[in-house]
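Take a look at the structure below.
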Amino acid sequence: MAARLGLRRHLRRWRRFLFDHCEDRGFAELARRMPSYAYAILLPYITLRTTGYRSSFHEESLRLAWASGYLFAVEVVPHRVLDREYFLWKAGLLSSEPDWPKLYANTALAVAPDALHLDHEAAYAITHTLFYLSDWGRRKPPFEAEESARVTRVLDCLMVHYWRVRHWDLLGELLVNRVALGARESPLATGASAGFLNAWRPDGCIPGGGLEIEGLDKASPSERESIIFRECYHTTLVGVFYCVSALQNRSLRP
């Protein structure tokens with residue numbers, strides 16, 4: 001599957017891009033110049049650390065941030081605690097696997113009775129909570145059957161809304177979550193999946209908000225590339241993530 005999709009070739013390019021970014025001295029020094037933002041700045045390195053990559057400079061920045069306490073600053077919402085604990089665990093910086101049920105208990109997804117009052121920020125909090133709990137789709141979240149069914153209902157309600165407003169970025173993330181949950185197929189899920197896949201443009205990208213990208217015809221080639229990247233890169237990455245996850249779970253339909 002990976003060979004047919006050309007993933008190894010693309011992953012090598014993405015990995016090299018991240019290496020170059022992390023090794024840029026100006027970026028690397030930010031974690032020491034702005035210690036209160038150390039976790040956010042060090043996250044690209046922490047992510048690469050899970051693959052065996054090591055940088056003596058970033059390792060020292062990690063040590064300083066850990067010793068100062070900034071790496072564990074408490075001014076974060078619950079899903080961001082999951083974010084931090086997940087990546088530190090995957091990077092081998094924690095002595096044991098985090099207590100996922102305990103971390104989950106105070107998230108928006110755990111406490112929300114329904115999807116009626118969830119805005120964009122809350123929806124993103126929900127999708128990322130499930131990314132971490134499922135190890136990015138590698139295993140099912142630690143839910144009992146009743147909680148899994150409730151979470152699926154919340155996802156389906158959000159899918160109706162974000163499919164209707166053509167917010168492909170959130171719809172794609174919700175579809176990834178549904179795959180990770182192992183939720184049953186339904187007419188809604190099949191339609192939302194088709195809507196998301198049909199939003200893919202001929203040039204290979206997906207606009208995040210679902211709207212036409214304005215001004216491309218009048219833009220210079222360099223401006224055009226910049227606009228497309230800014231408006232489409234994240235949703236296109238989500239699209240690749242969804243396709244790989246769904247194909248691996250044999251649930252993607254043309």
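By order of appearance in the structure tokens: chains A, B, ..., then residues from 1 within every chain, and ligands from 1 in the order shown.
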Can you pull out every residue within 7 Å of stretch 188-200 of chain A, counting only C-alpha atoms, but drop anything in the same chain fewer than 4 positions away, and send it as a ChimeraX atom specification?
/A:163,168,172,204-206
Would you put the residues from that selection into a file with C-alpha atoms, as a PDB file, in the first residue's frame?
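out-v3.pdb, freshly written:
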ATOM      1  CA  TRP A 163     -20.080  18.904   5.854  1.00  0.00           C
ATOM      2  CA  TRP A 168     -13.228  20.352   4.883  1.00  0.00           C
ATOM      3  CA  GLY A 172     -11.510  15.420   7.417  1.00  0.00           C
ATOM      4  CA  GLY A 204      -3.942  17.844  -5.565  1.00  0.00           C
ATOM      5  CA  CYS A 205      -4.926  20.167  -2.727  1.00  0.00           C
ATOM      6  CA  ILE A 206      -8.016  20.696  -0.564  1.00  0.00           C
TER       7      ILE A 206
END
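Omitting A:Ser134 and its sequence neighbours fewer than 4 positions away, and counting only C-alpha atoms, the residues within 12 Å are A:Leu82, A:Tyr86, A:Trp100, A:Pro101, A:Tyr104, A:Thr127, A:His128, A:Thr129, A:Leu130, A:Arg138, A:Arg139, A:Lys140, A:Pro141, A:Pro142, A:Phe143, A:Val176, A:Asn177, A:Arg178, A:Val179, A:Ala180, A:Leu181, A:Gly182, A:Ser245.
Note that the spacing between atom CA of A:Leu103 and atom CA of A:His120 amounts to 21.6 Å.
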As a PyMOL selection string, list the residues of stretch 54-174 of chain A assigned to helix (DSSP H, G or I) by DSSP on the backbone atoms of this structure.
chain A and resi 56-68+70-72+78-90+100-104+108-111+120-133+145-164+168-174
All residues 9 Å or closer to stretch 12-20 of chain A, only C-alpha atoms, same chain fewer than 6 positions away omitted, as a VMD selection string:
chain A and resid 44 to 45 48
Go ahead and write the selection's residues with N, CA and C atoms as a compact mmCIF listing (two decimals), in the first residue's frame.
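Once everything was written out, this is out_38.txt:
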# COMPACT_ATOMS: atom_id res chain seq x y z
N PRO A 44 8.34 20.27 17.26
CA PRO A 44 8.85 19.58 16.06
C PRO A 44 10.02 18.66 16.38
N TYR A 45 10.92 19.11 17.25
CA TYR A 45 12.05 18.24 17.62
C TYR A 45 11.59 17.04 18.43
N LEU A 48 10.25 14.50 16.08
CA LEU A 48 11.31 13.80 15.37
C LEU A 48 12.10 12.88 16.29
Might you pull out every residue within 12 Å of A:His117, with only C-alpha atoms counted and same-chain residues fewer than 6 positions away left off, and present them as a PDB file with N, CA and C atoms, in the first residue's frame?
ATOM      1  N   ALA A 108     -13.114  18.471  26.728  1.00  0.00           N
ATOM      2  CA  ALA A 108     -14.421  18.900  26.223  1.00  0.00           C
ATOM      3  C   ALA A 108     -15.235  17.714  25.733  1.00  0.00           C
ATOM      4  N   LEU A 109     -14.583  16.759  25.107  1.00  0.00           N
ATOM      5  CA  LEU A 109     -15.297  15.587  24.601  1.00  0.00           C
ATOM      6  C   LEU A 109     -15.900  14.772  25.736  1.00  0.00           C
ATOM      7  N   ALA A 123     -14.464  21.880  18.587  1.00  0.00           N
ATOM      8  CA  ALA A 123     -14.427  20.768  17.636  1.00  0.00           C
ATOM      9  C   ALA A 123     -12.990  20.318  17.387  1.00  0.00           C
ATOM     10  N   VAL A 154     -21.508  12.144  18.925  1.00  0.00           N
ATOM     11  CA  VAL A 154     -21.000  13.522  18.914  1.00  0.00           C
ATOM     12  C   VAL A 154     -20.286  13.800  17.592  1.00  0.00           C
ATOM     13  N   CYS A 157     -22.805  14.228  14.753  1.00  0.00           N
ATOM     14  CA  CYS A 157     -23.478  15.536  14.796  1.00  0.00           C
ATOM     15  C   CYS A 157     -22.565  16.631  14.242  1.00  0.00           C
ATOM     16  N   LEU A 158     -21.306  16.608  14.630  1.00  0.00           N
ATOM     17  CA  LEU A 158     -20.355  17.590  14.129  1.00  0.00           C
ATOM     18  C   LEU A 158     -20.123  17.419  12.637  1.00  0.00           C
ATOM     19  N   HIS A 161     -22.744  19.157  10.520  1.00  0.00           N
ATOM     20  CA  HIS A 161     -22.558  20.620  10.439  1.00  0.00           C
ATOM     21  C   HIS A 161     -21.399  20.990   9.529  1.00  0.00           C
TER      22      HIS A 161
END
Leaving out A:Glu59 and any residue of its chain fewer than 4 positions from it, which residues lie within 10 Å of it when counting only C-alpha atoms, given as a compact mmCIF listing (two decimals) with N, CA and C atoms, in the first residue's frame?
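Written out: out-v3.txt:
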# COMPACT_ATOMS: atom_id res chain seq x y z
N LEU A 42 9.64 23.45 20.90
CA LEU A 42 10.39 22.20 20.84
C LEU A 42 9.58 21.04 20.25
N TYR A 45 10.92 19.11 17.25
CA TYR A 45 12.05 18.24 17.62
C TYR A 45 11.59 17.04 18.43
N ILE A 46 10.68 17.27 19.38
CA ILE A 46 10.17 16.16 20.19
C ILE A 46 9.52 15.11 19.31
N ARG A 49 12.14 13.22 17.56
CA ARG A 49 12.88 12.39 18.53
C ARG A 49 12.31 10.98 18.61
N ARG A 54 18.40 12.85 17.08
CA ARG A 54 18.88 13.56 18.27
C ARG A 54 19.69 14.78 17.86
N SER A 55 19.50 15.86 18.61
CA SER A 55 20.26 17.09 18.43
C SER A 55 20.77 17.51 19.80
N ARG A 63 16.41 19.93 28.42
CA ARG A 63 16.85 19.79 29.81
C ARG A 63 16.59 21.08 30.59
N LEU A 64 16.89 22.22 29.98
CA LEU A 64 16.69 23.51 30.65
C LEU A 64 15.21 23.79 30.87
N ALA A 65 14.37 23.49 29.87
CA ALA A 65 12.94 23.72 30.00
C ALA A 65 12.33 22.81 31.06
Coordinates-based distance that separates atom CA of A:Ser96 from atom CA of A:Ser61 (Å, one decimal):
22.0 Å
Separation of atom CA of A:Cys243 from atom CA of A:Ile228 in Å:
20.7 Å
